[in-house]
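Structure first, then comments.
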Amino acid sequence: MSKNYVVGFPRIGEERELKKVLELFWAGKTDFNEVEKVALELKIRHWNYQKNSGIDFISSNDFSLYDNVLDTAIMLGAIPQRFKDLENEELYFSMARGNKDAVAMEMTKWFNTNYHYIVPELSPTDNYVLNATKVLNEYKEAKALGIKTKINLIGPITFLGLSKRVDRGDTYELFGKILPIYEALLAEIAKLDDTVTVQIDEPIFVKGVEPKVLSLIKPCYDALCSVANNINIIVTTYFEHSNEATRVLVHTPVWGLGLDFNHGEKNTESLDLVANSGKKLIAGVVDGRNIWKNNITQTTELLETISKYVAKDNIIVSTSCSLLHTPFTLKYEEKMDTEIKSWLSYAVEKLEEISLVSKVFFKSIALLNTEETVAYKANIEANKTRKNSARIHNKAIQRKVANFTKLEREGTYEERIRIQKEILGYKDLATTTIGSFPQTSEIRKARADFKKSAISKETYEAKMKDYIDTCISFQEECGLEVLVHGEPERNDMVEYFGEQLDGYGFSQNGWVQSYGSRCVKPPFIYGDISRPKPMTIEWMTYAQSKTDHIMKGMLTGPVTILNWSFVRDDMPRGEVSKQIAIVLSDEVDDLQKAGIKMIQVDEAAFKEGYPLRLENIQAYEEWAVRDFKISVSTANKETQIHTHMCYSEFNDIIRTIEAMDADVISIETARSGNELLKIFKEVGYKQEVGPGVYDIHSPRIPSVEEIVEQIKLLLEVLPKEQLWINPDCGLKTRKWEEVKPSLENMVKAVKIVREKL
Ligand code: GLN
Ligand code: ZN
């Protein structure tokens with residue numbers, strides 16, 4: 001009897017082989033045969049990893065050359081008009097990345113992860129046709145190795161829910177056109193073998209879908225299950241509970257349900273229904289989204305609870321979601337502290353965990369063989385040291401957090417801004433930038449050289465200071481009013497702070513796919529957070545000493561630090577965030593004591609941390625706002641607090657943004673005229689706002705006239721006293737040739753507008 005299961009496996013390769021070959025191919029340095037060759041090697045290696053770990057349900061079609069939502073669009077023949085003349089890999093990569101004639105399709109975040117998928121573009125005039133090649137081939141490739149896989153598909157309802165319609169219509173209206181393609185696909189799959197298992201991912205169900213969508217579930221799965229009687233269909237959800245959908249699915253002929261019990265604890269509320277339906281329960285109990293070693297005691301307890309409802313025979317032990325969201329293997333972490341490493345588990349190690357958990361659960365501990373007993377004991381031991389380690393649990397920090405009472409700064413906004421305007425003396429429509437200036441290859445090299453001790457601290461600092469000088473002189477010559485130091489010392493806005501905090505860890509090879517060939521290597525928070533010493537004071541005071549203008553201090557906010565790291569799982573996120581906030585409040589205090597008069601606390605990822613379910617939003621907002629306010633609670637009335645957010649849609653969250661109580665917020669509205677700014681006026685938002693006046697995400701240089709027009713649009717919505725003028729994000733990804741004329745034009749535009757006012 002088969003008893004364990006992996007929802008999906010990462011595909012980029014343990015040495016990022018896929019990334020490397022794709023980038024060579026795109027650069028014209030290798031051909032597509034080579035890409036396919038590497039892809040097949042990776043698939044085989046990944047299947048073998050799973051097979052050798054004793055995994056019963058191994059996936060095919062979880063591989064992708066770029067993205068599996070894009071693969072699904074290709075499978076359905078959902079090709080936007082502008083790519084219609086292309087075929088094969090040219091079509092595929094043009095859809096993903098654009099080509100000289102056609103812009104790429106949009107990309108957005110996969111639920112609340114950092115993985116980005118390609119957003120399908122549908123039109124009511126599309127003619128969908130099945131292209132089953134990839135799905136069938138991958139099955140055959142595995143079968144040739146003697147591995148009978150389950151086939152992973154993205155479900156029709158999720159596919160529609162994640163798509164957009166070019167005519168802005170409702171994507172679900174196209175259900176009737178898409179479903180027959182899935183039926184045709186299943187008919188092909190049925191021919192592959194005597195029985196085939198198909199995992200259909202429907203994560204959209206965890207968002208608590210509306211009745212209209214819910215009403216599609218039964219017709220959809222009744223129809224798909226009736227295509228062939230040799231297919232076992234499993235409907236899989238993850239990242240939250242999906243109780244509304246489960247209540248419907250138990251009345252369809254699906255063979256099994258895959259539920260996430262790590263991130264959707266409430267799935268337990270449906271267990272009696274699942275039990276009564278007699279369906280298989282693919283119980284997601286080994287977390288596929290983090291890097292922590294599974295706690296085998298807790299996991300088997302959870303499984304025992306589940307088995308009070310669902311018969312053991314019907315339970316299959318699984319990862320909570322695809323392992324796509326974890327790094328590959330600990331094998332390459334040669335430099336990591338061995339104790340910390342003993343607490344971690346990446347995808348390959350999670351396979352062993354799944355295998356062990358299922359053995360302990362199904363066989364009982366007494367029947368484990370010697371090797372399994374060793375692994376079991378090692379797991380218990382690792383969890384014990386993690387629970388008690390002084391490197392994680394710091395009494396002094398816990399005491400400081402428990403006694404921390406200063407939750408907000410002094411004075412109302414009105415009071416503060418009056419004092420600030422007087423002391424700081426900046427004009428209406430004050431000009432500034434978001435923080436970073438171009439990261440040149442010389443700067444990157446200097447940082448890398450310093451890291452590997454190829455240059456001395458003195459040389460490194462001299463180079464950085466030189467660059468800060470360059471940034472300052474440019475800003476002064478250009479006529480910008482509030483200056484920044486340019487952030488040359490920062491590789492990444494989270495990593496920079498993580499590296500200076502206790503309780504933070506870094507990996508050598510902890511790459512996770514972000515989109516296409518792009519990977520990120522998030523740092524991880526393993527213990528209580530403290531700041532051994534000030535983190536930005538030296539750079540900031542140096543920068544301030546070089547100019548008479550106001551130099552804006554630059555910090556990353558607690559929520560963004562949290563959202564771009566792997567976070568410890570032994571403490572609620574809100575508590576980890578509070579520790580970071582307290583550390584930042586000390587930094588803010590040090591900055592103002594050192595003479596820094598404006599401090600920007602970036603919350604680039606504030607919005608992306610929002611929970612998937614409506615009912616959890618309030619709790620998130622409460623601690624997220626609390627912790628932003630704690631971070632700046634030390635700021636005197638005279639110290640002006642700025643924040644920056646990398647998005648533009650504030651309609652749903654405007655009251656929350658207001659409640660953060662920053663004196664000035666800069667936002668990313670450059671691409672939407674003044675439309676998205678209107679909400680600030682509608683709700684009577686009082687604080688100052690810097691809506692980006694040009695888009696920094698493109699190399700294009702905006703003209704003076706264009707920026708003048710943009711400022712005029714802004715002035716239609718908010719008064720000049722409330723507006724700042726700035727680009728819509730940091731400039732680090734741009735080149736100086738683009739930045740210089742753009743900012744010069746911005747300053748000229750402000751001058752023109754001011755003269756007319
Ligand atoms: N201060 C940061 C910068 O300018 C902000 C970047 C961001 O919000 N993504 O780079
Ligand atoms: Zn930004």
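Convention: chains lettered A, B, ... in structure tokens order; per-chain residue numbering from 1; ligands numbered from 1 as shown.
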| said: I'd like the contact shell of A:Ile178 - 12 Å cut-off, only C-alpha atoms, skipping same-chain residues fewer than 4 positions apart - returned as a ChimeraX atom specification. | reply: /A:72-73,75-78,122-124,126-130,155-160,171-174,182-185,220,224
Serialized selection, N, CA and C atoms, as a PDB file, in the first residue's frame:
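Now in out38.pdb:
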ATOM      1  N   THR A  72       0.577  25.598 -18.548  1.00  0.00           N
ATOM      2  CA  THR A  72      -0.847  25.285 -18.626  1.00  0.00           C
ATOM      3  C   THR A  72      -1.510  26.089 -19.750  1.00  0.00           C
ATOM      4  N   ALA A  73      -1.113  27.354 -19.870  1.00  0.00           N
ATOM      5  CA  ALA A  73      -1.657  28.181 -20.963  1.00  0.00           C
ATOM      6  C   ALA A  73      -1.321  27.549 -22.315  1.00  0.00           C
ATOM      7  N   MET A  75      -0.644  24.385 -22.830  1.00  0.00           N
ATOM      8  CA  MET A  75      -1.384  23.120 -22.903  1.00  0.00           C
ATOM      9  C   MET A  75      -2.821  23.344 -23.393  1.00  0.00           C
ATOM     10  N   LEU A  76      -3.397  24.510 -23.015  1.00  0.00           N
ATOM     11  CA  LEU A  76      -4.778  24.811 -23.403  1.00  0.00           C
ATOM     12  C   LEU A  76      -4.873  25.556 -24.731  1.00  0.00           C
ATOM     13  N   GLY A  77      -3.730  25.953 -25.249  1.00  0.00           N
ATOM     14  CA  GLY A  77      -3.748  26.767 -26.461  1.00  0.00           C
ATOM     15  C   GLY A  77      -4.204  28.190 -26.190  1.00  0.00           C
ATOM     16  N   ALA A  78      -3.992  28.661 -24.954  1.00  0.00           N
ATOM     17  CA  ALA A  78      -4.382  30.027 -24.600  1.00  0.00           C
ATOM     18  C   ALA A  78      -3.239  30.977 -24.929  1.00  0.00           C
ATOM     19  N   LEU A 122      -6.608  35.839 -21.479  1.00  0.00           N
ATOM     20  CA  LEU A 122      -7.665  35.128 -22.185  1.00  0.00           C
ATOM     21  C   LEU A 122      -8.570  36.124 -22.903  1.00  0.00           C
ATOM     22  N   SER A 123      -9.173  35.627 -23.948  1.00  0.00           N
ATOM     23  CA  SER A 123     -10.109  36.466 -24.692  1.00  0.00           C
ATOM     24  C   SER A 123     -11.299  35.586 -25.057  1.00  0.00           C
ATOM     25  N   PRO A 124     -12.499  36.161 -25.054  1.00  0.00           N
ATOM     26  CA  PRO A 124     -13.676  35.332 -25.364  1.00  0.00           C
ATOM     27  C   PRO A 124     -13.644  34.796 -26.785  1.00  0.00           C
ATOM     28  N   ASP A 126     -10.946  33.453 -28.128  1.00  0.00           N
ATOM     29  CA  ASP A 126      -9.916  32.412 -28.234  1.00  0.00           C
ATOM     30  C   ASP A 126     -10.536  31.066 -28.591  1.00  0.00           C
ATOM     31  N   ASN A 127      -9.756  30.307 -29.340  1.00  0.00           N
ATOM     32  CA  ASN A 127     -10.175  28.942 -29.638  1.00  0.00           C
ATOM     33  C   ASN A 127      -9.214  27.993 -28.965  1.00  0.00           C
ATOM     34  N   TYR A 128      -9.624  27.397 -27.883  1.00  0.00           N
ATOM     35  CA  TYR A 128      -8.691  26.570 -27.132  1.00  0.00           C
ATOM     36  C   TYR A 128      -8.520  25.211 -27.788  1.00  0.00           C
ATOM     37  N   VAL A 129      -7.283  24.764 -27.856  1.00  0.00           N
ATOM     38  CA  VAL A 129      -6.998  23.434 -28.407  1.00  0.00           C
ATOM     39  C   VAL A 129      -5.974  22.750 -27.513  1.00  0.00           C
ATOM     40  N   LEU A 130      -6.144  21.469 -27.353  1.00  0.00           N
ATOM     41  CA  LEU A 130      -5.259  20.742 -26.450  1.00  0.00           C
ATOM     42  C   LEU A 130      -3.867  20.543 -27.043  1.00  0.00           C
ATOM     43  N   GLY A 155      -5.371  23.131 -11.818  1.00  0.00           N
ATOM     44  CA  GLY A 155      -6.789  22.906 -12.070  1.00  0.00           C
ATOM     45  C   GLY A 155      -7.445  24.011 -12.878  1.00  0.00           C
ATOM     46  N   PRO A 156      -8.529  23.668 -13.559  1.00  0.00           N
ATOM     47  CA  PRO A 156      -9.211  24.643 -14.416  1.00  0.00           C
ATOM     48  C   PRO A 156      -9.740  25.855 -13.646  1.00  0.00           C
ATOM     49  N   ILE A 157     -10.195  25.640 -12.426  1.00  0.00           N
ATOM     50  CA  ILE A 157     -10.789  26.765 -11.694  1.00  0.00           C
ATOM     51  C   ILE A 157      -9.687  27.731 -11.235  1.00  0.00           C
ATOM     52  N   THR A 158      -8.591  27.167 -10.763  1.00  0.00           N
ATOM     53  CA  THR A 158      -7.457  28.007 -10.387  1.00  0.00           C
ATOM     54  C   THR A 158      -6.879  28.712 -11.616  1.00  0.00           C
ATOM     55  N   PHE A 159      -6.768  27.967 -12.708  1.00  0.00           N
ATOM     56  CA  PHE A 159      -6.240  28.591 -13.933  1.00  0.00           C
ATOM     57  C   PHE A 159      -7.063  29.826 -14.296  1.00  0.00           C
ATOM     58  N   LEU A 160      -8.382  29.673 -14.286  1.00  0.00           N
ATOM     59  CA  LEU A 160      -9.238  30.815 -14.632  1.00  0.00           C
ATOM     60  C   LEU A 160      -9.121  31.929 -13.585  1.00  0.00           C
ATOM     61  N   THR A 171     -13.177  36.070 -16.098  1.00  0.00           N
ATOM     62  CA  THR A 171     -12.503  34.886 -16.651  1.00  0.00           C
ATOM     63  C   THR A 171     -13.338  33.617 -16.448  1.00  0.00           C
ATOM     64  N   TYR A 172     -14.086  33.563 -15.351  1.00  0.00           N
ATOM     65  CA  TYR A 172     -14.852  32.338 -15.082  1.00  0.00           C
ATOM     66  C   TYR A 172     -15.934  32.074 -16.134  1.00  0.00           C
ATOM     67  N   GLU A 173     -16.279  33.129 -16.884  1.00  0.00           N
ATOM     68  CA  GLU A 173     -17.247  32.915 -17.965  1.00  0.00           C
ATOM     69  C   GLU A 173     -16.694  31.953 -19.015  1.00  0.00           C
ATOM     70  N   LEU A 174     -15.376  31.802 -19.038  1.00  0.00           N
ATOM     71  CA  LEU A 174     -14.770  30.938 -20.053  1.00  0.00           C
ATOM     72  C   LEU A 174     -14.670  29.479 -19.603  1.00  0.00           C
ATOM     73  N   TYR A 182      -9.590  20.167 -20.698  1.00  0.00           N
ATOM     74  CA  TYR A 182      -9.134  19.309 -19.604  1.00  0.00           C
ATOM     75  C   TYR A 182      -9.692  17.895 -19.772  1.00  0.00           C
ATOM     76  N   GLU A 183     -10.934  17.794 -20.219  1.00  0.00           N
ATOM     77  CA  GLU A 183     -11.512  16.459 -20.436  1.00  0.00           C
ATOM     78  C   GLU A 183     -10.728  15.718 -21.519  1.00  0.00           C
ATOM     79  N   ALA A 184     -10.423  16.448 -22.578  1.00  0.00           N
ATOM     80  CA  ALA A 184      -9.659  15.820 -23.662  1.00  0.00           C
ATOM     81  C   ALA A 184      -8.278  15.389 -23.162  1.00  0.00           C
ATOM     82  N   LEU A 185      -7.696  16.201 -22.310  1.00  0.00           N
ATOM     83  CA  LEU A 185      -6.379  15.861 -21.754  1.00  0.00           C
ATOM     84  C   LEU A 185      -6.476  14.577 -20.925  1.00  0.00           C
ATOM     85  N   CYS A 220     -17.446  20.764 -12.414  1.00  0.00           N
ATOM     86  CA  CYS A 220     -16.089  20.566 -12.923  1.00  0.00           C
ATOM     87  C   CYS A 220     -15.582  19.162 -12.587  1.00  0.00           C
ATOM     88  N   LEU A 224     -14.805  15.852 -14.853  1.00  0.00           N
ATOM     89  CA  LEU A 224     -13.442  15.330 -15.018  1.00  0.00           C
ATOM     90  C   LEU A 224     -13.349  13.874 -14.541  1.00  0.00           C
TER      91      LEU A 224
END
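The residue set within 12 Å of A:Gly98, counting only C-alpha atoms and dropping same-chain residues fewer than 6 places from it, reads Trp26, Pro80, Arg82, Phe83, Leu86, Glu90, Leu91, Tyr92, Ala104, Met105, Glu106, Met107 and Ile118 of chain A.
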| Which protein, DNA or RNA residues have an atom within 12 Å of ligand 2, counting only C-alpha atoms and all ligand atoms, as a PyMOL selection string? | chain A and resi 433-436+493+556+560+601-607+643-648+665-670+690-692+695-697+726-733
Sorted per-residue table, stretch 14-88 of chain A near stretch 503-518 of chain A, closest atoms and distance, 8 Å, only C-alpha atoms, as a tab-separated table:
residue	atom	partner	partner_atom	distance
A:Leu18	CA	A:Ser517	CA	7.2
A:Lys19	CA	A:Ser517	CA	4.5
A:Lys20	CA	A:Ser517	CA	7.8
A:Leu22	CA	A:Ser517	CA	6.9
A:Glu23	CA	A:Ser517	CA	7.4
A:Leu65	CA	A:Gly516	CA	7.5
A:Tyr66	CA	A:Gly516	CA	4.4
A:Asp67	CA	A:Gly516	CA	6.3
| Near A:Val227, counting only C-alpha atoms, which residues have an atom at most 12 Å away, once you skip same-chain residues fewer than 4 positions from it, shown as a list in words? | Leu179, Pro180, Ile181, Tyr182, Glu183, Ala184, Leu185, Leu186, Ala187, Glu188, Ile189, Ala190, Lys191, Cys220, Tyr221, Asp222, Ala223, Ile231, Asn232, Ile233, Pro253 and Val254 of chain A
| So which residues touch A:Glu17 within 9 Å, counting only C-alpha atoms, skipping near sequence neighbours fewer than 3 positions away, as a ChimeraX atom specification? | /A:12-14,20-22,38-39,42
Near A:Tyr413, within 12 Å and counting only C-alpha atoms, which residues show up once chain neighbours fewer than 6 positions away are dropped, as a compact mmCIF listing (two decimals) with N, CA, C and O atoms, in the first residue's frame?
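In the end it all went to around-v4.txt:
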# COMPACT_ATOMS: atom_id res chain seq x y z
N ILE A 419 5.96 71.56 13.47
CA ILE A 419 7.34 71.72 13.96
C ILE A 419 8.35 71.36 12.86
O ILE A 419 9.32 72.08 12.62
N GLN A 420 8.09 70.26 12.19
CA GLN A 420 9.04 69.80 11.16
C GLN A 420 9.17 70.80 10.03
O GLN A 420 10.27 71.11 9.57
N LYS A 421 8.04 71.30 9.57
CA LYS A 421 8.09 72.25 8.43
C LYS A 421 8.91 73.47 8.83
O LYS A 421 9.65 74.02 8.02
N ASN A 636 11.79 61.77 17.80
CA ASN A 636 11.25 62.99 18.39
C ASN A 636 10.27 63.64 17.41
O ASN A 636 10.30 63.33 16.22
N LYS A 637 9.52 64.58 17.93
CA LYS A 637 8.57 65.29 17.05
C LYS A 637 9.29 65.94 15.87
O LYS A 637 8.77 66.01 14.76
N GLU A 638 10.51 66.41 16.12
CA GLU A 638 11.25 67.14 15.08
C GLU A 638 11.77 66.20 13.99
O GLU A 638 12.10 66.65 12.90
N THR A 639 11.94 64.94 14.33
CA THR A 639 12.51 64.01 13.35
C THR A 639 11.41 63.56 12.40
O THR A 639 10.39 63.03 12.84
N GLN A 640 11.62 63.77 11.12
CA GLN A 640 10.55 63.42 10.18
C GLN A 640 10.70 61.97 9.72
O GLN A 640 11.75 61.55 9.25
N ILE A 641 9.63 61.21 9.86
CA ILE A 641 9.66 59.81 9.46
C ILE A 641 8.99 59.64 8.09
O ILE A 641 7.84 60.02 7.88
N GLU A 658 -2.66 54.85 6.74
CA GLU A 658 -2.80 56.07 7.53
C GLU A 658 -2.45 55.80 8.99
O GLU A 658 -1.75 56.59 9.64
N ALA A 659 -2.90 54.65 9.47
CA ALA A 659 -2.66 54.31 10.87
C ALA A 659 -1.18 54.10 11.18
O ALA A 659 -0.76 54.19 12.33
N MET A 660 -0.37 53.84 10.16
CA MET A 660 1.07 53.69 10.40
C MET A 660 1.67 55.01 10.85
O MET A 660 2.73 55.04 11.45
N ASP A 661 1.01 56.09 10.52
CA ASP A 661 1.34 57.40 11.08
C ASP A 661 2.71 57.92 10.67
O ASP A 661 3.37 58.64 11.43
N ALA A 662 3.18 57.55 9.48
CA ALA A 662 4.43 58.13 8.98
C ALA A 662 4.14 59.56 8.58
O ALA A 662 3.03 59.88 8.19
N ASP A 663 5.13 60.42 8.67
CA ASP A 663 4.90 61.81 8.28
C ASP A 663 4.81 61.95 6.77
O ASP A 663 4.05 62.75 6.25
N VAL A 664 5.60 61.14 6.07
CA VAL A 664 5.63 61.20 4.61
C VAL A 664 5.67 59.77 4.05
O VAL A 664 6.42 58.94 4.56
N TYR A 685 -6.95 61.75 3.77
CA TYR A 685 -5.60 61.41 4.26
C TYR A 685 -4.81 62.69 4.50
O TYR A 685 -4.73 63.55 3.62
N LYS A 686 -4.24 62.83 5.68
CA LYS A 686 -3.62 64.11 6.03
C LYS A 686 -2.11 64.17 5.80
O LYS A 686 -1.54 65.20 5.51
N GLN A 687 -1.45 63.01 6.00
CA GLN A 687 0.01 63.02 5.95
C GLN A 687 0.52 63.37 4.55
O GLN A 687 -0.23 63.30 3.57
N GLU A 688 1.82 63.66 4.46
CA GLU A 688 2.37 64.04 3.17
C GLU A 688 2.62 62.81 2.30
O GLU A 688 2.90 61.72 2.82
| request: Enumerate, as an MDAnalysis selection string, the complete set of residues in stretch 182-383 of chain A that a backbone-based DSSP assignment places in alpha helix (DSSP H). | output: chainID A and resid 182:190 211:225 243:249 271:277 296:307 338:341 347:363 370:383
| request: For each of A:Val119, A:Lys43, A:Lys735, A:Lys100, take the minimum atom-to-atom distance to A:Ile79, counting only C-alpha atoms, then give the residue where this is smallest. | output: A:Val119
| query | Which parts of stretch 474-606 of chain A does DSSP call strand (DSSP E) when run on the backbone here, written out as a ChimeraX atom specification? | reply | /A:482-483,502-505,512-515,518-520,524-530,550-556,566-567,598-602
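With only C-alpha atoms as the atoms that count, the residue of A:Ser672, A:Asn563, A:Ser322, A:Ser364 with the shortest distance to A:Leu713 is A:Ser672.
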